[in-house]
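**Student:** Structure file final_30.txt (compact mmCIF, C-alpha atoms) is given on the next line.
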```txt
# COMPACT_ATOMS: atom_id res chain seq x y z
CA MET A 1 67.01 72.12 -133.02
CA ALA A 2 69.60 69.43 -132.94
CA GLN A 3 71.69 68.90 -136.03
CA VAL A 4 70.68 65.86 -138.06
CA THR A 5 73.62 63.80 -139.25
CA PRO A 6 72.52 60.84 -141.40
CA GLY A 7 74.35 57.62 -140.89
CA ILE A 8 75.10 57.72 -137.19
CA TYR A 9 71.90 56.01 -136.04
CA GLU A 10 71.25 52.34 -135.48
CA VAL A 11 67.99 50.47 -136.04
CA GLN A 12 67.11 47.83 -133.51
CA VAL A 13 64.30 45.37 -134.26
CA ASP A 14 63.07 43.06 -131.52
CA LYS A 15 61.86 39.95 -133.34
CA ASN A 16 60.14 38.69 -130.18
CA TYR A 17 57.69 41.60 -130.48
CA CYS A 18 57.64 42.15 -134.27
CA LYS A 19 54.65 40.77 -136.19
CA ALA A 20 55.98 41.66 -139.66
CA CYS A 21 53.07 43.97 -140.49
CA GLY A 22 55.15 46.19 -142.78
CA LEU A 23 54.08 49.55 -141.34
CA CYS A 24 57.63 50.75 -140.60
CA VAL A 25 58.77 49.89 -144.12
CA ALA A 26 55.76 51.69 -145.63
CA TRP A 27 56.34 54.84 -143.58
CA CYS A 28 60.12 55.22 -143.87
CA PRO A 29 60.62 58.44 -145.89
CA GLN A 30 64.29 57.72 -146.66
CA ASP A 31 63.85 54.08 -147.77
CA VAL A 32 66.17 52.91 -145.03
CA LEU A 33 64.10 49.88 -144.15
CA ALA A 34 63.15 46.88 -146.28
CA ASP A 35 61.40 43.56 -145.74
CA ASP A 36 63.50 40.44 -145.41
CA ASP A 37 62.38 36.98 -146.61
CA GLU A 38 60.10 36.43 -143.61
CA GLY A 39 58.65 39.95 -143.75
CA TYR A 40 60.62 41.33 -140.81
CA PRO A 41 62.21 44.75 -141.35
CA PHE A 42 65.95 45.22 -141.67
CA ALA A 43 68.02 48.25 -142.61
CA PRO A 44 69.97 47.87 -145.86
CA HIS A 45 70.46 51.65 -146.23
CA LEU A 46 71.26 52.65 -142.68
CA GLU A 47 73.44 55.53 -143.88
CA LYS A 48 70.29 57.42 -145.02
CA CYS A 49 68.51 57.34 -141.62
CA ILE A 50 67.68 60.82 -140.30
CA ASN A 51 66.20 59.73 -136.94
CA CYS A 52 62.66 60.95 -137.79
CA LYS A 53 61.20 58.09 -135.69
CA LEU A 54 58.17 57.63 -137.97
CA CYS A 55 58.80 53.87 -137.78
CA GLU A 56 58.81 54.02 -133.98
CA ARG A 57 55.62 56.08 -133.93
CA HIS A 58 53.77 53.76 -136.28
CA CYS A 59 54.98 50.48 -134.79
CA PRO A 60 51.95 48.99 -132.98
CA ASP A 61 54.07 46.40 -131.19
CA PHE A 62 56.94 48.51 -129.83
CA ALA A 63 59.38 46.31 -131.76
CA ILE A 64 61.53 48.87 -133.62
CA GLU A 65 63.72 51.52 -132.08
CA ILE A 66 66.20 54.02 -133.46
CA ILE A 67 69.28 54.23 -131.27
CA ALA A 68 71.23 57.47 -131.38
CA PRO A 69 74.89 57.37 -130.39
CA SER A 70 75.39 58.39 -126.81
CA GLU A 71 77.29 61.58 -127.68
CA VAL A 72 74.26 62.86 -129.65
CA LEU A 73 71.87 64.72 -127.39
CA VAL A 74 68.37 63.26 -127.37
CA ILE A 75 65.45 65.69 -127.01
CA GLU A 76 64.41 64.05 -123.74
CA ASP A 77 67.88 64.68 -122.29
CA ILE A 78 67.75 68.36 -123.29
CA LEU A 79 64.33 68.70 -121.67
CA ALA A 80 65.48 66.89 -118.53
CA GLU A 81 68.48 69.23 -118.22
CA GLY A 82 66.27 72.27 -118.68
CA ALA A 83 63.79 71.14 -116.03
CA MET B 1 58.62 64.94 -129.55
CA LYS B 2 58.69 61.22 -128.81
CA VAL B 3 59.41 59.04 -125.82
CA GLN B 4 61.83 56.20 -126.49
CA THR B 5 60.09 52.90 -127.21
CA SER B 6 62.15 51.01 -124.63
CA PHE B 7 61.18 53.62 -122.04
CA ILE B 8 57.46 53.13 -122.78
CA ILE B 9 57.77 49.35 -122.47
CA LYS B 10 59.68 49.65 -119.19
CA GLU B 11 57.55 52.34 -117.57
CA TYR B 12 54.00 52.12 -118.87
CA LEU B 13 53.47 48.57 -120.15
CA ARG B 14 53.60 45.12 -118.63
CA PRO B 15 56.43 43.51 -120.65
CA GLU B 16 55.51 40.01 -119.48
CA MET B 17 52.17 40.40 -121.31
CA LEU B 18 53.76 41.42 -124.61
CA PRO B 19 53.58 40.81 -127.54
CA SER B 20 49.89 41.64 -127.65
CA THR B 21 47.30 39.27 -129.10
CA TRP B 22 46.21 41.92 -131.63
CA CYS B 23 46.77 41.20 -135.31
CA GLY B 24 49.95 42.50 -136.90
CA GLY B 25 49.48 46.12 -137.95
CA CYS B 26 46.47 46.82 -135.72
CA GLY B 27 46.21 50.48 -134.76
CA LEU B 28 45.45 49.64 -131.14
CA GLY B 29 49.16 49.34 -130.40
CA ILE B 30 49.75 52.83 -131.80
CA ILE B 31 46.95 54.14 -129.58
CA MET B 32 48.47 52.38 -126.55
CA GLY B 33 51.80 54.09 -127.23
CA ALA B 34 50.05 57.46 -127.66
CA ILE B 35 48.26 57.08 -124.30
CA ALA B 36 51.56 56.24 -122.59
CA GLN B 37 53.21 59.29 -124.16
CA ALA B 38 50.31 61.61 -123.27
CA VAL B 39 50.38 60.45 -119.63
CA HIS B 40 54.17 60.88 -119.60
CA PHE B 41 54.13 64.40 -121.06
CA LYS B 42 51.34 65.46 -118.67
CA GLY B 43 53.64 64.37 -115.82
CA LEU B 44 50.96 62.19 -114.20
CA ASP B 45 51.95 59.60 -111.61
CA LYS B 46 50.98 56.25 -113.12
CA ASP B 47 49.80 55.01 -109.71
CA ASN B 48 47.24 57.80 -109.86
CA VAL B 49 45.88 56.85 -113.28
CA ALA B 50 43.16 54.24 -113.72
CA MET B 51 42.29 52.54 -116.98
CA VAL B 52 38.85 50.99 -117.37
CA SER B 53 38.07 48.92 -120.43
CA GLY B 54 35.15 46.89 -121.70
CA ILE B 55 35.03 43.83 -123.93
CA GLY B 56 36.41 43.59 -127.44
CA CYS B 57 39.82 43.93 -129.02
CA THR B 58 40.13 47.33 -127.33
CA GLY B 59 39.18 45.81 -123.99
CA ARG B 60 42.46 43.93 -123.91
CA MET B 61 44.39 47.18 -123.57
CA SER B 62 43.88 47.30 -119.82
CA GLY B 63 45.82 44.05 -119.55
CA TYR B 64 48.88 45.47 -121.26
CA MET B 65 49.12 48.89 -119.62
CA ASP B 66 50.72 49.25 -116.20
CA PHE B 67 48.17 51.60 -114.61
CA ASN B 68 45.48 50.68 -112.11
CA THR B 69 43.31 48.69 -114.49
CA ILE B 70 39.84 47.16 -114.54
CA HIS B 71 38.62 44.90 -117.32
CA THR B 72 34.84 45.15 -117.01
CA THR B 73 31.72 43.69 -118.60
CA HIS B 74 30.63 44.46 -122.13
CA GLY B 75 29.66 48.09 -122.64
CA ARG B 76 29.72 48.89 -118.92
CA ALA B 77 33.13 50.54 -118.79
CA PRO B 78 31.66 54.09 -118.32
CA ALA B 79 29.49 52.81 -115.45
CA PHE B 80 32.45 51.26 -113.63
CA ALA B 81 34.51 54.37 -114.34
CA THR B 82 31.75 56.59 -112.90
CA GLY B 83 31.85 54.66 -109.64
CA LEU B 84 35.63 54.80 -109.55
CA LYS B 85 35.72 58.54 -110.17
CA MET B 86 33.07 59.26 -107.51
CA ALA B 87 34.89 57.15 -104.90
CA ARG B 88 38.40 58.40 -105.78
CA PRO B 89 37.96 61.88 -107.33
CA GLU B 90 41.71 62.57 -107.28
CA MET B 91 42.32 59.83 -109.85
CA THR B 92 42.68 60.37 -113.58
CA VAL B 93 40.29 57.89 -115.18
CA LEU B 94 40.86 56.66 -118.72
CA THR B 95 37.99 54.68 -120.22
CA VAL B 96 38.91 52.71 -123.32
CA MET B 97 36.13 51.37 -125.51
CA GLY B 98 35.65 50.09 -129.02
CA ASP B 99 32.91 51.37 -131.30
CA GLY B 100 30.56 48.46 -130.62
CA ASP B 101 31.34 48.57 -126.93
CA ALA B 102 30.67 52.30 -126.63
CA MET B 103 27.85 52.90 -129.09
CA SER B 104 25.72 49.79 -129.36
CA ILE B 105 26.07 47.59 -126.28
CA GLY B 106 27.08 50.37 -123.91
CA GLY B 107 25.17 53.20 -125.55
CA ASN B 108 23.07 53.93 -122.46
CA HIS B 109 26.03 54.11 -120.13
CA LEU B 110 27.94 56.37 -122.49
CA ILE B 111 24.99 58.77 -122.82
CA HIS B 112 24.47 59.01 -119.08
CA ALA B 113 28.18 59.44 -118.34
CA MET B 114 28.12 62.35 -120.82
CA ARG B 115 24.90 63.75 -119.31
CA ARG B 116 26.44 63.71 -115.82
CA ASN B 117 29.65 65.25 -117.18
CA ILE B 118 31.67 62.93 -114.96
CA GLY B 119 35.39 63.61 -115.13
CA MET B 120 37.01 60.99 -117.33
CA VAL B 121 38.77 60.67 -120.65
CA ALA B 122 36.76 58.30 -122.81
CA ILE B 123 38.74 56.91 -125.72
CA VAL B 124 36.48 55.37 -128.36
CA VAL B 125 38.44 53.36 -130.90
CA ASN B 126 36.38 53.34 -134.08
CA ASN B 127 37.34 50.66 -136.60
CA SER B 128 33.88 50.47 -138.29
CA VAL B 129 33.39 46.79 -137.52
CA TYR B 130 33.00 44.27 -134.68
CA GLY B 131 36.57 43.02 -134.80
CA LEU B 132 36.74 40.37 -132.08
CA THR B 133 33.66 38.39 -133.12
CA GLY B 134 34.39 38.12 -136.83
CA GLY B 135 33.68 41.37 -138.64
CA GLN B 136 29.95 41.99 -138.26
CA THR B 137 28.34 45.34 -139.09
CA SER B 138 28.74 47.81 -136.23
CA PRO B 139 26.96 51.15 -135.58
CA THR B 140 29.76 53.00 -137.36
CA THR B 141 30.06 50.92 -140.53
CA PRO B 142 29.87 53.44 -143.39
CA ILE B 143 27.11 53.13 -146.00
CA GLY B 144 28.34 50.74 -148.68
CA GLY B 145 30.99 49.17 -146.48
CA HIS B 146 31.18 45.41 -146.94
CA THR B 147 31.20 43.30 -143.77
CA THR B 148 30.52 39.67 -142.86
CA THR B 149 26.84 40.42 -142.19
CA ALA B 150 26.49 42.93 -145.03
CA GLN B 151 28.02 41.12 -147.97
CA SER B 152 26.64 43.53 -150.59
CA GLY B 153 27.36 46.67 -148.59
CA SER B 154 25.84 48.13 -145.45
CA PHE B 155 22.78 50.29 -146.08
CA GLU B 156 22.24 51.57 -142.53
CA ARG B 157 23.22 55.10 -141.66
CA PRO B 158 26.26 55.16 -139.35
CA MET B 159 25.93 56.74 -135.94
CA ASN B 160 27.05 60.33 -135.45
CA LEU B 161 28.87 60.19 -132.12
CA GLU B 162 29.85 63.84 -132.34
CA ALA B 163 26.23 65.02 -132.47
CA LEU B 164 25.34 62.65 -129.63
CA ALA B 165 28.18 63.95 -127.46
CA ARG B 166 27.22 67.54 -128.17
CA THR B 167 23.57 66.93 -127.31
CA ALA B 168 24.16 64.74 -124.27
CA GLY B 169 26.48 67.31 -122.71
CA ALA B 170 30.06 66.10 -123.02
CA ALA B 171 32.67 68.73 -122.22
CA PHE B 172 35.15 67.97 -124.99
CA TYR B 173 35.14 66.04 -128.23
CA ALA B 174 38.06 65.38 -130.52
CA ARG B 175 38.62 63.03 -133.42
CA ALA B 176 42.02 61.57 -134.24
CA THR B 177 43.34 58.83 -136.49
CA VAL B 178 46.13 56.31 -136.01
CA ASN B 179 47.80 57.76 -139.11
CA HIS B 180 48.41 61.17 -137.52
CA THR B 181 50.23 59.94 -134.45
CA ALA B 182 51.59 63.26 -133.19
CA ALA B 183 48.09 64.79 -133.28
CA LEU B 184 46.74 61.69 -131.54
CA THR B 185 49.11 62.21 -128.59
CA LYS B 186 48.35 65.94 -128.47
CA LEU B 187 44.58 65.42 -128.48
CA ILE B 188 44.76 62.88 -125.65
CA GLU B 189 46.94 65.37 -123.75
CA ARG B 190 44.33 68.09 -124.27
CA ALA B 191 41.56 65.72 -123.16
CA LEU B 192 43.49 65.00 -119.95
CA ASP B 193 43.35 68.75 -119.15
CA VAL B 194 39.55 68.89 -119.35
CA SER B 195 37.42 68.94 -116.20
CA GLY B 196 34.44 66.83 -117.16
CA PHE B 197 33.69 64.20 -119.77
CA ALA B 198 36.27 64.35 -122.56
CA LEU B 199 35.68 62.06 -125.51
CA VAL B 200 38.39 61.26 -128.03
CA GLU B 201 37.21 59.25 -131.01
CA ILE B 202 40.13 57.53 -132.71
CA ILE B 203 39.69 56.18 -136.22
CA SER B 204 41.59 52.90 -136.30
CA ASN B 205 42.05 50.12 -138.83
CA CYS B 206 40.76 46.57 -139.02
CA HIS B 207 42.53 45.51 -142.20
CA VAL B 208 42.07 41.81 -141.36
CA LEU B 209 38.25 41.87 -141.41
CA PHE B 210 36.97 45.22 -142.71
CA GLY B 211 39.91 46.00 -144.98
CA LYS B 212 39.96 42.56 -146.58
CA MET B 213 36.36 42.94 -147.72
CA ASN B 214 36.89 46.53 -148.91
CA GLN B 215 40.04 46.25 -151.05
CA MET B 216 42.36 47.39 -148.26
CA ALA B 217 43.88 44.16 -147.01
CA GLU B 218 47.19 45.70 -145.99
CA ALA B 219 47.53 47.65 -142.75
CA SER B 220 49.74 50.30 -144.34
CA LYS B 221 47.24 50.84 -147.18
CA MET B 222 44.30 51.19 -144.82
CA ILE B 223 46.12 53.57 -142.46
CA ALA B 224 47.40 55.65 -145.40
CA ALA B 225 43.80 55.94 -146.67
CA MET B 226 42.89 57.79 -143.46
CA ASP B 227 44.94 60.72 -144.67
CA GLU B 228 42.78 60.96 -147.80
CA ASP B 229 39.48 60.35 -145.99
CA THR B 230 39.94 62.93 -143.26
CA GLN B 231 40.86 66.58 -143.08
CA ARG B 232 41.92 68.87 -140.27
CA THR B 233 39.30 71.06 -138.66
CA ASN B 234 39.17 74.61 -139.87
CA PRO B 235 38.70 76.73 -136.71
CA THR B 236 37.01 79.52 -138.69
CA LEU B 237 34.43 77.16 -140.15
CA LEU B 238 33.79 75.66 -136.72
CA ARG B 239 33.16 79.10 -135.25
CA ARG B 240 30.66 79.80 -138.02
CA ALA B 241 28.92 76.50 -137.39
CA ASP B 242 28.64 77.42 -133.72
CA LEU B 243 27.06 80.78 -134.50
CA PRO B 244 23.35 79.84 -134.36
CA ILE B 245 23.90 77.83 -131.18
CA ARG B 246 25.82 80.50 -129.32
CA LEU B 247 23.69 83.57 -130.07
CA THR B 248 20.41 82.76 -128.40
CA SER B 249 18.73 86.15 -128.42
CA PRO B 250 16.21 86.41 -131.29
CA GLU B 251 17.46 89.91 -132.21
CA SER B 252 21.06 88.84 -132.51
CA PRO B 253 22.44 88.45 -136.02
CA SER B 254 22.47 84.68 -136.31
CA ALA B 255 21.85 82.55 -139.37
CA PRO B 256 21.34 78.84 -139.98
CA VAL B 257 24.50 77.09 -141.10
CA HIS B 258 23.20 76.28 -144.56
CA GLU B 259 22.49 79.94 -145.29
CA LEU B 260 26.03 81.09 -144.57
CA THR B 261 27.91 82.13 -147.67
CA GLU B 262 30.64 79.76 -148.69
CA MET B 263 34.16 80.81 -147.87
CA GLU B 264 36.59 81.40 -150.67
CA ASP B 265 39.45 78.98 -151.16
CA VAL B 266 37.80 76.45 -148.87
CA GLU B 267 36.60 73.45 -150.80
CA ASP B 268 33.29 71.90 -149.86
CA GLU B 269 34.37 68.37 -149.11
CA SER B 270 32.74 65.33 -147.61
CA ARG B 271 35.85 64.19 -145.80
CA THR B 272 35.64 63.48 -142.08
CA TRP B 273 36.96 66.19 -139.82
CA ARG B 274 39.76 65.44 -137.42
CA GLY B 275 40.91 67.62 -134.56
CA VAL B 276 38.99 69.25 -131.71
CA MET B 277 35.31 69.35 -132.64
CA PHE B 278 33.99 71.24 -129.62
CA GLU B 279 34.98 72.16 -126.11
CA ARG B 280 32.56 73.54 -123.55
CA LYS B 281 34.23 76.31 -121.58
CA GLY B 282 33.72 76.41 -117.82
CA SER B 283 32.69 72.77 -117.53
CA VAL B 284 33.13 71.32 -114.02
CA ASP B 285 33.53 67.66 -113.26
CA LEU B 286 30.59 66.02 -111.43
CA SER B 287 32.77 64.47 -108.70
CA LYS B 288 34.23 67.90 -107.91
CA ARG B 289 30.75 69.46 -107.71
CA TYR B 290 29.58 66.59 -105.51
CA TYR B 291 32.44 66.88 -103.00
CA ASP B 292 32.11 70.68 -102.95
CA MET B 293 28.41 70.27 -102.11
CA LEU B 294 29.24 67.66 -99.45
CA GLY B 295 31.78 70.03 -97.88
CA LYS B 296 29.17 72.80 -97.71
CA ILE B 297 26.59 70.51 -96.07
CA HIS B 298 29.12 69.32 -93.50
CA ALA B 299 30.12 72.90 -92.75
CA GLN B 300 26.45 73.82 -92.25
CA GLN B 301 25.92 70.84 -89.92
CA ARG B 302 28.99 71.76 -87.87
CA ALA B 303 27.79 75.33 -87.63
CA ALA B 304 24.34 74.13 -86.47
CA GLU B 305 25.90 71.86 -83.82
CA GLU B 306 28.07 74.66 -82.52
CA ALA B 307 25.03 76.95 -82.34
CA ASN B 308 23.26 74.37 -80.18
```
Show the structure stored in the file as structure tokens.
**Tutor:**
Amino acid sequence: MAQVTPGIYEVQVDKNYCKACGLCVAWCPQDVLADDDEGYPFAPHLEKCINCKLCERHCPDFAIEIIAPSEVLVIEDILAEGA
Amino acid sequence: MKVQTSFIIKEYLRPEMLPSTWCGGCGLGIIMGAIAQAVHFKGLDKDNVAMVSGIGCTGRMSGYMDFNTIHTTHGRAPAFATGLKMARPEMTVLTVMGDGDAMSIGGNHLIHAMRRNIGMVAIVVNNSVYGLTGGQTSPTTPIGGHTTTAQSGSFERPMNLEALARTAGAAFYARATVNHTAALTKLIERALDVSGFALVEIISNCHVLFGKMNQMAEASKMIAAMDEDTQRTNPTLLRRADLPIRLTSPESPSAPVHELTEMEDVEDESRTWRGVMFERKGSVDLSKRYYDMLGKIHAQQRAAEEAN
């Protein structure tokens, strides 16, 4: 299990895809995300993000993505190396 | 485990078709992502996967996913998929239908696809309402649910797809919700392993039409309610429910389900089960049986010709 270090992740929201449904904000367990004036999500408390990806899983429009820094191993990379 | 969103868009979707025409917060997008992940984790070649869809909100999914796709007539997706599977038995066929598409308009085709046990994964997205046409009562609207055509609450009994699948002869039946996304991916993965007709019913949300009339106008509220309305299957209870069906000999110690003593620390609840409902062991896909039979006939003919 990879070590979780809060605060090193970035949230990327694609406003071309986002429909401002509020699911990612409702599901965020760390209260990282919040609605802006138009209803789109933004991340006022990015330092609390633990990369759980619940927002990614519940986004119906593939608009939000958590970016881990390149030096942090992603699970897919570990699996690809093992295969 | 989760595949990166950008990877799904690049590999399994048609980015030029996005964003989808579905309402904001519709569970169909979550289901689309789960299908892409299940196909990815199974290691299937996407050129060897076919997606067949009918008409309705769900029917649009075949336009967004980058498999071999057919968008067919209303309710006839299982019929088209049967022909596809018989002609190209090496293909993995995914049939995507809504609740109205699968159970009312295409009810016949669904029953006969299950009876034949043709090898496909049928995904029935159940949002309790006819979403595309304006929120009319569908075969799965719960009793008391308010819709456009049942303003004071529906009084018809909703259809029990699980009992129908069990009786008609489907090989696998699972129920998932768009709330429990990890389980959703896992259940589609398990359905892809099945030889024969595998049905995955997915409880989705229509907060715009059904939710608005039932005090759940927000997508997050309606999806969160699925956690309270459903519970995971208890494998022990399922085994006990299977008991009278499995033991067919009259001398064998079987008992009707209602006579079984209640288990301790298991509450008797009316919540909908989610998880694998049943799986028939040793089920063989119809297309495989057909081509095996054809091979035997050809071998016999060759042997007869050589004898002459």
**Student:** Considering only C-alpha atoms, extract the chain B residues located within 7 Å of chain A and return them as a VMD selection string.
**Tutor:** chain B and resid 5 19 24 to 30 181 219 to 220
**Student:** Please, could you write that set of residues out with C-alpha atoms as a PDB file, keeping the file's coordinate frame?
**Tutor:**
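Once written, selection.pdb looks like this:
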```pdb
ATOM      1  CA  THR B   5      60.090  52.900-127.210  1.00  0.00           C
ATOM      2  CA  PRO B  19      53.580  40.810-127.540  1.00  0.00           C
ATOM      3  CA  GLY B  24      49.950  42.500-136.900  1.00  0.00           C
ATOM      4  CA  GLY B  25      49.480  46.120-137.950  1.00  0.00           C
ATOM      5  CA  CYS B  26      46.470  46.820-135.720  1.00  0.00           C
ATOM      6  CA  GLY B  27      46.210  50.480-134.760  1.00  0.00           C
ATOM      7  CA  LEU B  28      45.450  49.640-131.140  1.00  0.00           C
ATOM      8  CA  GLY B  29      49.160  49.340-130.400  1.00  0.00           C
ATOM      9  CA  ILE B  30      49.750  52.830-131.800  1.00  0.00           C
ATOM     10  CA  THR B 181      50.230  59.940-134.450  1.00  0.00           C
ATOM     11  CA  ALA B 219      47.530  47.650-142.750  1.00  0.00           C
ATOM     12  CA  SER B 220      49.740  50.300-144.340  1.00  0.00           C
TER      13      SER B 220
END
```
**Student:** At what distance in Å, to one decimal, does atom CA of Tyr40 of chain A lie from atom CA of Val11 of chain A?
**Tutor:** 12.7 Å
**Student:** Excluding same-chain residues fewer than 2 positions from Val208 of chain B, what lies within 12 Å of it counting all atoms listed in the file, as number ranges by chain?
**Tutor:** A: 21; B: 22-27, 127, 129-132, 134-135, 147-148, 205-206, 210-222
**Student:** Just to confirm, what's the straight-line distance from atom CA of Asn51 of chain A to atom CA of Ser6 of chain B in Å (one decimal)?
**Tutor:** 15.6 Å
**Student:** In Å, how far is it from atom CA of Lys186 of chain B to atom CA of Val3 of chain B?
**Tutor:**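 Result for atom CA of Lys186 of chain B versus atom CA of Val3 of chain B: 13.3 Å, one decimal.
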**Student:** Using only C-alpha atoms, pick whichever of B:Thr140, B:Ser128, B:Thr82, B:Asn108 has the shortest atom-to-atom distance to Phe197 of chain B.
**Tutor:** B:Thr82
**Student:** Using the file's own x, y and z axes, what box holds all listed atoms of segment 23-38 of chain B with 3 Å on each side, keeping edges along x, y and z, and what are its centre and edge lengths in Å to one decimal, as lines of an AutoDock Vina configuration file?
**Tutor:**
```
center_x = 49.3
center_y = 51.4
center_z = -130.3
size_x = 13.8
size_y = 26.4
size_z = 21.4
```
**Student:** Which one is closest to Ala43 of chain A: A:Ile8, A:Asp31, A:Ala68, A:Asp14? Count all atoms listed in the file.
**Tutor:** A:Asp31
**Student:** Counting all atoms listed in the file, what is within 8 Å of Asn179 of chain B, bar same-chain residues fewer than 2 positions away, as a list in words?
**Tutor:** His58 of chain A; Thr177, Thr181, Ile223, Ala224, Met226 and Asp227 of chain B
**Student:** Of the candidates B:Trp273, B:Phe80, B:Tyr291, B:Tyr12, which one gets nearest to Ala38 of chain B if we count all atoms listed in the file?
**Tutor:**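 Distance minimum relative to Ala38 of chain B lands on B:Tyr12.
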**Student:** Using only C-alpha atoms, which residues sit within 6 Å of Arg14 of chain B once same-chain residues fewer than 2 positions away are excluded, as a list in words?
**Tutor:**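 Once the adjacent positions are removed, what remains is Glu16, Met17, Tyr64, Met65 and Asp66 of chain B.
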**Student:** Using C-alpha atoms, can you export the residues from the last selection as a PDB file, keeping the file's coordinate frame?
**Tutor:**
```
ATOM      1  CA  GLU B  16      55.510  40.010-119.480  1.00  0.00           C
ATOM      2  CA  MET B  17      52.170  40.400-121.310  1.00  0.00           C
ATOM      3  CA  TYR B  64      48.880  45.470-121.260  1.00  0.00           C
ATOM      4  CA  MET B  65      49.120  48.890-119.620  1.00  0.00           C
ATOM      5  CA  ASP B  66      50.720  49.250-116.200  1.00  0.00           C
TER       6      ASP B  66
END
```
**Student:** Mind checking which residues fall within 8 Å of Leu46 of chain A, counting all atoms listed in the file, ignoring those fewer than 3 positions away in the same chain, and posting them as a list in words?
**Tutor:**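 My reading of the contact set: Gly7, Tyr9, Glu10, Val11, Val32, Leu33, Ala43 and Cys49 of chain A.
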**Student:** At a cut-off of 7 Å around the point (38.3, 58.9, -133.7) (file coordinates), what residues fall inside when counting all atoms listed in the file? I'd like the answer as a ChimeraX atom specification.
**Tutor:** /B:124-126,175-177,200-203
